[in-house]
$ cat start_12.txt   # compact mmCIF, N, CA and C atoms
# COMPACT_ATOMS: atom_id res chain seq x y z
N MET Y 1161 1.57 -83.24 58.81
CA MET Y 1161 1.42 -83.07 57.38
C MET Y 1161 1.44 -81.58 57.06
N LEU Y 1162 2.29 -81.18 56.12
CA LEU Y 1162 2.38 -79.79 55.72
C LEU Y 1162 1.30 -79.49 54.68
N THR Y 1163 0.72 -78.31 54.78
CA THR Y 1163 -0.30 -77.89 53.82
C THR Y 1163 0.07 -76.55 53.23
N ILE Y 1164 -0.55 -76.22 52.11
CA ILE Y 1164 -0.35 -74.91 51.51
C ILE Y 1164 -1.39 -73.98 52.10
N ALA Y 1165 -0.92 -72.90 52.73
CA ALA Y 1165 -1.82 -71.94 53.36
C ALA Y 1165 -1.96 -70.70 52.49
N SER Y 1166 -3.06 -69.96 52.67
CA SER Y 1166 -3.24 -68.72 51.93
C SER Y 1166 -2.21 -67.70 52.39
N ARG Y 1167 -1.97 -66.69 51.57
CA ARG Y 1167 -1.00 -65.65 51.93
C ARG Y 1167 -1.38 -64.96 53.22
N LEU Y 1168 -2.66 -64.66 53.39
CA LEU Y 1168 -3.12 -64.00 54.61
C LEU Y 1168 -2.87 -64.89 55.82
N ASP Y 1169 -3.17 -66.16 55.68
CA ASP Y 1169 -2.94 -67.11 56.77
C ASP Y 1169 -1.46 -67.17 57.13
N VAL Y 1170 -0.60 -67.19 56.12
CA VAL Y 1170 0.85 -67.22 56.37
C VAL Y 1170 1.28 -65.97 57.13
N MET Y 1171 0.81 -64.80 56.70
CA MET Y 1171 1.17 -63.55 57.37
C MET Y 1171 0.70 -63.55 58.82
N ASN Y 1172 -0.52 -64.03 59.06
CA ASN Y 1172 -1.05 -64.07 60.41
C ASN Y 1172 -0.24 -65.03 61.29
N ARG Y 1173 0.14 -66.17 60.75
CA ARG Y 1173 0.92 -67.14 61.51
C ARG Y 1173 2.30 -66.59 61.84
N LEU Y 1174 2.95 -65.98 60.86
CA LEU Y 1174 4.27 -65.39 61.11
C LEU Y 1174 4.17 -64.26 62.13
N GLY Y 1175 3.15 -63.43 61.98
CA GLY Y 1175 2.98 -62.33 62.93
C GLY Y 1175 2.78 -62.83 64.35
N ARG Y 1176 1.98 -63.85 64.50
CA ARG Y 1176 1.75 -64.41 65.84
C ARG Y 1176 3.03 -65.01 66.40
N ALA Y 1177 3.77 -65.70 65.55
CA ALA Y 1177 5.00 -66.34 66.01
C ALA Y 1177 6.03 -65.31 66.45
N MET Y 1178 6.16 -64.22 65.71
CA MET Y 1178 7.21 -63.25 66.00
C MET Y 1178 6.75 -62.15 66.95
N ALA Y 1179 5.48 -62.13 67.32
CA ALA Y 1179 4.98 -61.09 68.21
C ALA Y 1179 5.50 -61.24 69.64
N ASP Y 1180 5.90 -62.42 70.01
CA ASP Y 1180 6.40 -62.67 71.36
C ASP Y 1180 7.93 -62.71 71.34
N PRO Y 1181 8.57 -61.95 72.21
CA PRO Y 1181 10.04 -61.92 72.22
C PRO Y 1181 10.68 -63.28 72.48
N THR Y 1182 10.07 -64.09 73.31
CA THR Y 1182 10.65 -65.41 73.59
C THR Y 1182 10.56 -66.29 72.35
N ARG Y 1183 9.41 -66.27 71.68
CA ARG Y 1183 9.29 -67.06 70.44
C ARG Y 1183 10.28 -66.57 69.39
N SER Y 1184 10.46 -65.26 69.32
CA SER Y 1184 11.43 -64.72 68.36
C SER Y 1184 12.84 -65.21 68.67
N ARG Y 1185 13.20 -65.25 69.95
CA ARG Y 1185 14.53 -65.74 70.33
C ARG Y 1185 14.69 -67.21 69.96
N ILE Y 1186 13.66 -68.00 70.21
CA ILE Y 1186 13.70 -69.42 69.86
C ILE Y 1186 13.81 -69.57 68.34
N LEU Y 1187 13.01 -68.81 67.62
CA LEU Y 1187 13.02 -68.86 66.16
C LEU Y 1187 14.41 -68.51 65.62
N LEU Y 1188 15.01 -67.45 66.14
CA LEU Y 1188 16.36 -67.07 65.69
C LEU Y 1188 17.38 -68.17 65.98
N SER Y 1189 17.24 -68.81 67.12
CA SER Y 1189 18.14 -69.91 67.46
C SER Y 1189 17.96 -71.08 66.49
N LEU Y 1190 16.71 -71.40 66.16
CA LEU Y 1190 16.44 -72.51 65.25
C LEU Y 1190 16.84 -72.19 63.81
N ILE Y 1191 16.89 -70.93 63.47
CA ILE Y 1191 17.35 -70.56 62.13
C ILE Y 1191 18.83 -70.91 61.99
N ASP Y 1192 19.58 -70.74 63.07
CA ASP Y 1192 21.01 -71.07 63.05
C ASP Y 1192 21.24 -72.57 62.95
N GLU Y 1193 20.43 -73.34 63.69
CA GLU Y 1193 20.58 -74.80 63.69
C GLU Y 1193 19.39 -75.44 64.38
N PRO Y 1194 19.09 -76.69 64.05
CA PRO Y 1194 18.01 -77.39 64.77
C PRO Y 1194 18.33 -77.42 66.26
N GLY Y 1195 17.28 -77.54 67.07
CA GLY Y 1195 17.50 -77.53 68.51
C GLY Y 1195 16.61 -78.49 69.25
N TYR Y 1196 16.96 -78.68 70.51
CA TYR Y 1196 16.23 -79.55 71.42
C TYR Y 1196 15.74 -78.69 72.58
N PRO Y 1197 14.54 -78.94 73.11
CA PRO Y 1197 13.98 -78.10 74.17
C PRO Y 1197 14.93 -77.85 75.35
N ALA Y 1198 15.57 -78.89 75.85
CA ALA Y 1198 16.45 -78.71 77.01
C ALA Y 1198 17.64 -77.80 76.67
N ARG Y 1199 18.21 -77.99 75.50
CA ARG Y 1199 19.36 -77.16 75.09
C ARG Y 1199 18.92 -75.72 74.84
N LEU Y 1200 17.77 -75.55 74.19
CA LEU Y 1200 17.25 -74.20 73.96
C LEU Y 1200 17.00 -73.48 75.29
N ALA Y 1201 16.40 -74.20 76.24
CA ALA Y 1201 16.13 -73.61 77.55
C ALA Y 1201 17.43 -73.17 78.21
N ARG Y 1202 18.43 -74.02 78.17
CA ARG Y 1202 19.73 -73.69 78.78
C ARG Y 1202 20.38 -72.50 78.07
N ASP Y 1203 20.44 -72.55 76.75
CA ASP Y 1203 21.13 -71.50 75.98
C ASP Y 1203 20.43 -70.15 76.08
N LEU Y 1204 19.11 -70.16 76.18
CA LEU Y 1204 18.35 -68.92 76.21
C LEU Y 1204 18.00 -68.46 77.62
N GLY Y 1205 18.38 -69.25 78.62
CA GLY Y 1205 18.09 -68.88 80.01
C GLY Y 1205 16.61 -68.92 80.34
N LEU Y 1206 15.91 -69.92 79.82
CA LEU Y 1206 14.47 -70.07 80.03
C LEU Y 1206 14.18 -71.40 80.70
N THR Y 1207 12.96 -71.56 81.20
CA THR Y 1207 12.59 -72.86 81.74
C THR Y 1207 12.22 -73.78 80.59
N ARG Y 1208 12.37 -75.05 80.82
CA ARG Y 1208 12.05 -76.02 79.77
C ARG Y 1208 10.55 -75.99 79.44
N THR Y 1209 9.73 -75.78 80.46
CA THR Y 1209 8.28 -75.70 80.24
C THR Y 1209 7.95 -74.51 79.34
N ASN Y 1210 8.57 -73.37 79.62
CA ASN Y 1210 8.35 -72.18 78.81
C ASN Y 1210 8.74 -72.43 77.36
N VAL Y 1211 9.92 -73.02 77.16
CA VAL Y 1211 10.39 -73.32 75.80
C VAL Y 1211 9.43 -74.29 75.12
N SER Y 1212 9.02 -75.32 75.81
CA SER Y 1212 8.11 -76.31 75.22
C SER Y 1212 6.78 -75.68 74.81
N ASN Y 1213 6.26 -74.77 75.64
CA ASN Y 1213 5.00 -74.09 75.29
C ASN Y 1213 5.17 -73.24 74.03
N HIS Y 1214 6.29 -72.53 73.94
CA HIS Y 1214 6.53 -71.69 72.77
C HIS Y 1214 6.79 -72.53 71.53
N LEU Y 1215 7.47 -73.65 71.68
CA LEU Y 1215 7.70 -74.54 70.55
C LEU Y 1215 6.38 -75.12 70.04
N ALA Y 1216 5.47 -75.40 70.96
CA ALA Y 1216 4.14 -75.91 70.56
C ALA Y 1216 3.41 -74.85 69.75
N CYS Y 1217 3.54 -73.59 70.14
CA CYS Y 1217 2.91 -72.50 69.38
C CYS Y 1217 3.54 -72.40 67.99
N LEU Y 1218 4.87 -72.42 67.92
CA LEU Y 1218 5.57 -72.34 66.64
C LEU Y 1218 5.21 -73.52 65.73
N ARG Y 1219 5.07 -74.68 66.35
CA ARG Y 1219 4.67 -75.87 65.58
C ARG Y 1219 3.23 -75.73 65.09
N GLY Y 1220 2.35 -75.23 65.97
CA GLY Y 1220 0.96 -75.02 65.59
C GLY Y 1220 0.80 -73.99 64.48
N CYS Y 1221 1.71 -73.03 64.43
CA CYS Y 1221 1.70 -72.01 63.36
C CYS Y 1221 2.29 -72.55 62.07
N GLY Y 1222 2.88 -73.75 62.12
CA GLY Y 1222 3.47 -74.34 60.93
C GLY Y 1222 4.87 -73.83 60.63
N ILE Y 1223 5.50 -73.19 61.60
CA ILE Y 1223 6.81 -72.59 61.37
C ILE Y 1223 7.94 -73.55 61.69
N VAL Y 1224 7.74 -74.42 62.66
CA VAL Y 1224 8.75 -75.43 62.97
C VAL Y 1224 8.11 -76.82 62.88
N VAL Y 1225 8.96 -77.79 62.69
CA VAL Y 1225 8.53 -79.18 62.71
C VAL Y 1225 9.31 -79.90 63.78
N ALA Y 1226 8.68 -80.91 64.36
CA ALA Y 1226 9.30 -81.70 65.42
C ALA Y 1226 9.59 -83.10 64.89
N THR Y 1227 10.80 -83.58 65.18
CA THR Y 1227 11.19 -84.92 64.75
C THR Y 1227 11.64 -85.70 65.98
N PRO Y 1228 10.91 -86.77 66.34
CA PRO Y 1228 11.33 -87.58 67.49
C PRO Y 1228 12.66 -88.27 67.21
N GLU Y 1229 13.54 -88.21 68.19
CA GLU Y 1229 14.83 -88.90 68.11
C GLU Y 1229 15.04 -89.63 69.44
N GLY Y 1230 14.56 -90.84 69.50
CA GLY Y 1230 14.65 -91.59 70.75
C GLY Y 1230 13.81 -90.91 71.82
N ARG Y 1231 14.46 -90.53 72.92
CA ARG Y 1231 13.74 -89.88 74.02
C ARG Y 1231 13.70 -88.36 73.87
N GLN Y 1232 14.32 -87.85 72.84
CA GLN Y 1232 14.35 -86.40 72.60
C GLN Y 1232 13.54 -86.06 71.35
N THR Y 1233 13.24 -84.78 71.22
CA THR Y 1233 12.57 -84.28 70.02
C THR Y 1233 13.40 -83.13 69.47
N ARG Y 1234 13.73 -83.24 68.19
CA ARG Y 1234 14.50 -82.19 67.53
C ARG Y 1234 13.52 -81.25 66.82
N TYR Y 1235 13.72 -79.95 66.99
CA TYR Y 1235 12.90 -78.94 66.33
C TYR Y 1235 13.74 -78.21 65.30
N GLU Y 1236 13.12 -77.95 64.14
CA GLU Y 1236 13.80 -77.19 63.11
C GLU Y 1236 12.78 -76.40 62.31
N ILE Y 1237 13.27 -75.42 61.57
CA ILE Y 1237 12.41 -74.59 60.74
C ILE Y 1237 11.76 -75.48 59.68
N ALA Y 1238 10.47 -75.31 59.48
CA ALA Y 1238 9.70 -76.19 58.59
C ALA Y 1238 10.08 -76.05 57.13
N ASP Y 1239 10.51 -74.86 56.72
CA ASP Y 1239 10.78 -74.63 55.30
C ASP Y 1239 12.01 -73.73 55.16
N PRO Y 1240 12.98 -74.12 54.35
CA PRO Y 1240 14.19 -73.29 54.20
C PRO Y 1240 13.89 -71.90 53.63
N HIS Y 1241 12.77 -71.75 52.92
CA HIS Y 1241 12.39 -70.43 52.43
C HIS Y 1241 12.16 -69.46 53.59
N LEU Y 1242 11.62 -69.98 54.68
CA LEU Y 1242 11.38 -69.15 55.86
C LEU Y 1242 12.70 -68.66 56.44
N THR Y 1243 13.69 -69.53 56.47
CA THR Y 1243 15.01 -69.13 56.98
C THR Y 1243 15.54 -67.96 56.17
N ARG Y 1244 15.46 -68.07 54.86
CA ARG Y 1244 15.92 -66.98 53.98
C ARG Y 1244 15.10 -65.72 54.19
N ALA Y 1245 13.79 -65.86 54.28
CA ALA Y 1245 12.91 -64.71 54.42
C ALA Y 1245 13.17 -63.96 55.73
N VAL Y 1246 13.36 -64.69 56.82
CA VAL Y 1246 13.65 -64.03 58.10
C VAL Y 1246 15.00 -63.32 58.02
N GLY Y 1247 15.96 -63.93 57.36
CA GLY Y 1247 17.27 -63.29 57.18
C GLY Y 1247 17.15 -61.98 56.43
N VAL Y 1248 16.37 -61.97 55.37
CA VAL Y 1248 16.16 -60.74 54.60
C VAL Y 1248 15.42 -59.71 55.45
N LEU Y 1249 14.43 -60.16 56.20
CA LEU Y 1249 13.69 -59.25 57.08
C LEU Y 1249 14.62 -58.61 58.10
N LEU Y 1250 15.48 -59.39 58.70
CA LEU Y 1250 16.42 -58.86 59.70
C LEU Y 1250 17.36 -57.84 59.08
N GLU Y 1251 17.85 -58.12 57.89
CA GLU Y 1251 18.73 -57.17 57.21
C GLU Y 1251 17.99 -55.87 56.93
N THR Y 1252 16.75 -55.97 56.51
CA THR Y 1252 15.97 -54.79 56.19
C THR Y 1252 15.71 -53.95 57.43
N VAL Y 1253 15.31 -54.58 58.51
CA VAL Y 1253 15.04 -53.85 59.74
C VAL Y 1253 16.31 -53.21 60.28
N LEU Y 1254 17.41 -53.93 60.27
CA LEU Y 1254 18.66 -53.38 60.76
C LEU Y 1254 19.12 -52.20 59.92
N ALA Y 1255 18.85 -52.22 58.64
CA ALA Y 1255 19.32 -51.16 57.76
C ALA Y 1255 18.59 -49.85 57.98
N VAL Y 1256 17.42 -49.87 58.60
CA VAL Y 1256 16.67 -48.63 58.77
C VAL Y 1256 16.51 -48.22 60.23
N ASP Y 1257 17.15 -48.90 61.16
CA ASP Y 1257 17.09 -48.49 62.56
C ASP Y 1257 17.69 -47.10 62.72
N ASP Y 1258 17.01 -46.22 63.43
CA ASP Y 1258 17.52 -44.87 63.67
C ASP Y 1258 18.82 -44.92 64.43
N GLY Y 1259 19.80 -44.18 63.94
CA GLY Y 1259 21.07 -44.05 64.64
C GLY Y 1259 22.00 -45.23 64.48
N VAL Y 1260 21.60 -46.26 63.74
CA VAL Y 1260 22.45 -47.42 63.53
C VAL Y 1260 22.99 -47.36 62.11
N PRO Y 1261 24.31 -47.49 61.95
CA PRO Y 1261 24.85 -47.42 60.59
C PRO Y 1261 24.29 -48.54 59.71
N CYS Y 1262 24.12 -48.22 58.45
CA CYS Y 1262 23.61 -49.19 57.49
C CYS Y 1262 24.61 -50.34 57.34
N VAL Y 1263 24.12 -51.55 57.22
CA VAL Y 1263 25.00 -52.71 57.06
C VAL Y 1263 25.54 -52.83 55.64
N ASP Y 1264 24.96 -52.06 54.71
CA ASP Y 1264 25.39 -52.09 53.31
C ASP Y 1264 25.95 -50.73 52.95
N GLU Y 1265 27.27 -50.65 52.80
CA GLU Y 1265 27.89 -49.35 52.51
C GLU Y 1265 27.48 -48.79 51.16
N ASN Y 1266 26.95 -49.61 50.27
CA ASN Y 1266 26.49 -49.16 48.96
C ASN Y 1266 24.97 -49.00 48.90
N CYS Y 1267 24.35 -48.87 50.05
CA CYS Y 1267 22.89 -48.78 50.13
C CYS Y 1267 22.38 -47.62 49.29
N ASP Y 1268 21.35 -47.86 48.49
CA ASP Y 1268 20.76 -46.80 47.68
C ASP Y 1268 19.28 -46.62 48.01
N VAL Y 1269 18.87 -47.07 49.19
CA VAL Y 1269 17.48 -46.93 49.62
C VAL Y 1269 17.26 -45.50 50.10
N PRO Y 1270 16.29 -44.77 49.52
CA PRO Y 1270 16.03 -43.40 49.95
C PRO Y 1270 15.77 -43.30 51.44
N LEU Y 1271 16.36 -42.31 52.06
CA LEU Y 1271 16.23 -41.99 53.48
C LEU Y 1271 16.84 -43.03 54.40
N CYS Y 1272 17.57 -44.00 53.85
CA CYS Y 1272 18.29 -44.94 54.69
C CYS Y 1272 19.57 -44.23 55.14
N CYS Y 1273 20.44 -44.96 55.77
CA CYS Y 1273 21.64 -44.35 56.33
C CYS Y 1273 22.85 -44.46 55.42
N GLY Y 1274 22.65 -44.85 54.16
CA GLY Y 1274 23.76 -44.96 53.21
C GLY Y 1274 24.21 -43.60 52.73
N PRO Y 1275 25.08 -43.57 51.73
CA PRO Y 1275 25.58 -42.30 51.20
C PRO Y 1275 24.42 -41.41 50.74
N GLY Y 1276 24.47 -40.17 51.12
CA GLY Y 1276 23.44 -39.22 50.70
C GLY Y 1276 22.21 -39.21 51.59
N ALA Y 1277 22.20 -39.98 52.67
CA ALA Y 1277 21.02 -40.03 53.53
C ALA Y 1277 20.76 -38.68 54.18
N ALA Y 1278 21.83 -37.94 54.46
CA ALA Y 1278 21.66 -36.64 55.10
C ALA Y 1278 20.87 -35.70 54.20
N GLN Y 1279 21.04 -35.84 52.87
CA GLN Y 1279 20.31 -34.98 51.96
C GLN Y 1279 18.85 -35.41 51.87
N GLY Y 1280 18.56 -36.69 52.00
CA GLY Y 1280 17.19 -37.23 52.01
C GLY Y 1280 16.33 -36.67 50.90
N THR Y 1281 15.89 -35.41 51.04
CA THR Y 1281 15.00 -34.85 50.05
C THR Y 1281 15.70 -34.68 48.71
N THR Y 1282 17.01 -34.45 48.71
CA THR Y 1282 17.75 -34.33 47.46
C THR Y 1282 17.70 -35.65 46.71
N ARG Y 1283 17.89 -36.75 47.44
CA ARG Y 1283 17.85 -38.06 46.81
C ARG Y 1283 16.46 -38.32 46.25
N ASP Y 1284 15.42 -37.92 47.00
CA ASP Y 1284 14.06 -38.10 46.50
C ASP Y 1284 13.84 -37.27 45.25
N ALA Y 1285 14.35 -36.03 45.24
CA ALA Y 1285 14.19 -35.17 44.07
C ALA Y 1285 14.92 -35.77 42.88
N ASP Y 1286 16.12 -36.30 43.11
CA ASP Y 1286 16.87 -36.94 42.02
C ASP Y 1286 16.08 -38.10 41.44
N ALA Y 1287 15.47 -38.90 42.31
CA ALA Y 1287 14.69 -40.04 41.85
C ALA Y 1287 13.47 -39.58 41.07
N THR Y 1288 12.84 -38.49 41.52
CA THR Y 1288 11.67 -37.97 40.83
C THR Y 1288 12.04 -37.47 39.45
N GLU Y 1289 13.20 -36.78 39.34
CA GLU Y 1289 13.66 -36.28 38.05
C GLU Y 1289 14.04 -37.42 37.12
N ALA Y 1290 14.60 -38.50 37.67
CA ALA Y 1290 15.06 -39.61 36.85
C ALA Y 1290 13.91 -40.44 36.30
N ALA Y 1291 12.78 -40.46 36.99
CA ALA Y 1291 11.65 -41.30 36.57
C ALA Y 1291 11.18 -40.98 35.15
N PRO Y 1292 10.95 -39.68 34.79
CA PRO Y 1292 10.51 -39.42 33.42
C PRO Y 1292 11.55 -39.84 32.39
N ARG Y 1293 12.84 -39.65 32.70
CA ARG Y 1293 13.89 -40.07 31.76
C ARG Y 1293 13.86 -41.57 31.57
N MET Y 1294 13.61 -42.30 32.65
CA MET Y 1294 13.58 -43.77 32.55
C MET Y 1294 12.38 -44.19 31.70
N ARG Y 1295 11.23 -43.49 31.87
CA ARG Y 1295 10.05 -43.84 31.08
C ARG Y 1295 10.29 -43.54 29.59
N GLU Y 1296 10.95 -42.40 29.31
CA GLU Y 1296 11.23 -42.05 27.92
C GLU Y 1296 12.15 -43.08 27.28
N GLY Y 1297 13.16 -43.54 28.05
CA GLY Y 1297 14.10 -44.53 27.52
C GLY Y 1297 13.44 -45.87 27.26
N ALA Y 1298 12.34 -46.15 27.93
CA ALA Y 1298 11.66 -47.43 27.78
C ALA Y 1298 10.82 -47.48 26.51
N ARG Y 1299 10.54 -46.30 25.93
CA ARG Y 1299 9.69 -46.26 24.73
C ARG Y 1299 10.38 -46.77 23.51
$ encode --input "start_12.txt" --output "structure tokens"
Amino acid sequence: MLTIASRLDVMNRLGRAMADPTRSRILLSLIDEPGYPARLARDLGLTRTNVSNHLACLRGCGIVVATPEGRQTRYEIADPHLTRAVGVLLETVLAVDDGVPCVDENCDVPLCCGPGAAQGTTRDADATEAAPRMREGAR
């Protein structure tokens, strides 16, 4: 049974789930498509016991749900919002990795790797100067 958890509880559950590299790999695989323990173990080069233990943790955190299908159990992400959120998180992290080109050529995030990133402080100064003009225009 799915329940509504507090924001803090959700953050703690997500943090615990993604803190382990193996769970993160399983989670990323399940974001692409539902999976079965034996197939996940084969595809990720893990033991089935290891995968099953991590799936139990992900299920306990409320991140995945298990659906029995005959002698197998299918695992999938519990909520499509989570799939979207992890996708956005991955894009954000990738966009700010040191030495890695930004995935968005039109990026306007200060100090990111988009156009003008080398100036950094110039972009910050431009934003600081623009703020009073934006406030005046809002009046």
$ residues_around --input "start_12.txt" --residues "stretch 1235-1248 of chain Y" --least-positions-apart "3" --cutoff "6.5 Å" --atoms "only N, CA and C atoms" --output "PyMOL selection string"
chain Y and resi 1190-1191+1193-1197+1222-1227+1251-1253
$ select_by_dssp --input "start_12.txt" --residues "stretch 1177-1267 of chain Y" --states "strand (DSSP E or B)" --output "PyMOL selection string"
chain Y and resi 1195+1224-1229+1232-1237
$ atom_distance --input "start_12.txt" --atom1 "atom CA of Y:Leu1250" --atom2 "atom N of Y:Asp1169"
21.3 Å
$ closest_residue --input "start_12.txt" --among "Y:Ser1184, Y:Ser1189, Y:Thr1233, Y:Ser1166" --to "Y:Cys1217" --atoms "only C-alpha atoms"
Y:Ser1184
$ atom_distance --input "start_12.txt" --atom1 "atom C of Y:Leu1204" --atom2 "atom N of Y:Pro1228"
22.6 Å
$ atom_distance --input "start_12.txt" --atom1 "atom CA of Y:Thr1182" --atom2 "atom CA of Y:Val1211"
8.2 Å
$ closest_residue --input "start_12.txt" --among "Y:Arg1173, Y:His1214, Y:Arg1208, Y:Arg1231" --to "Y:Ile1186" --atoms "all atoms listed in the file"
Y:His1214
$ axis_aligned_box --input "start_12.txt" --around "stretch 1224-1243 of chain Y" --padding-each-side "6 Å" --output "lines of an AutoDock Vina configuration file"
center_x = 11.6
center_y = -79.8
center_z = 63.2
size_x = 19.8
size_y = 35.6
size_z = 33.6
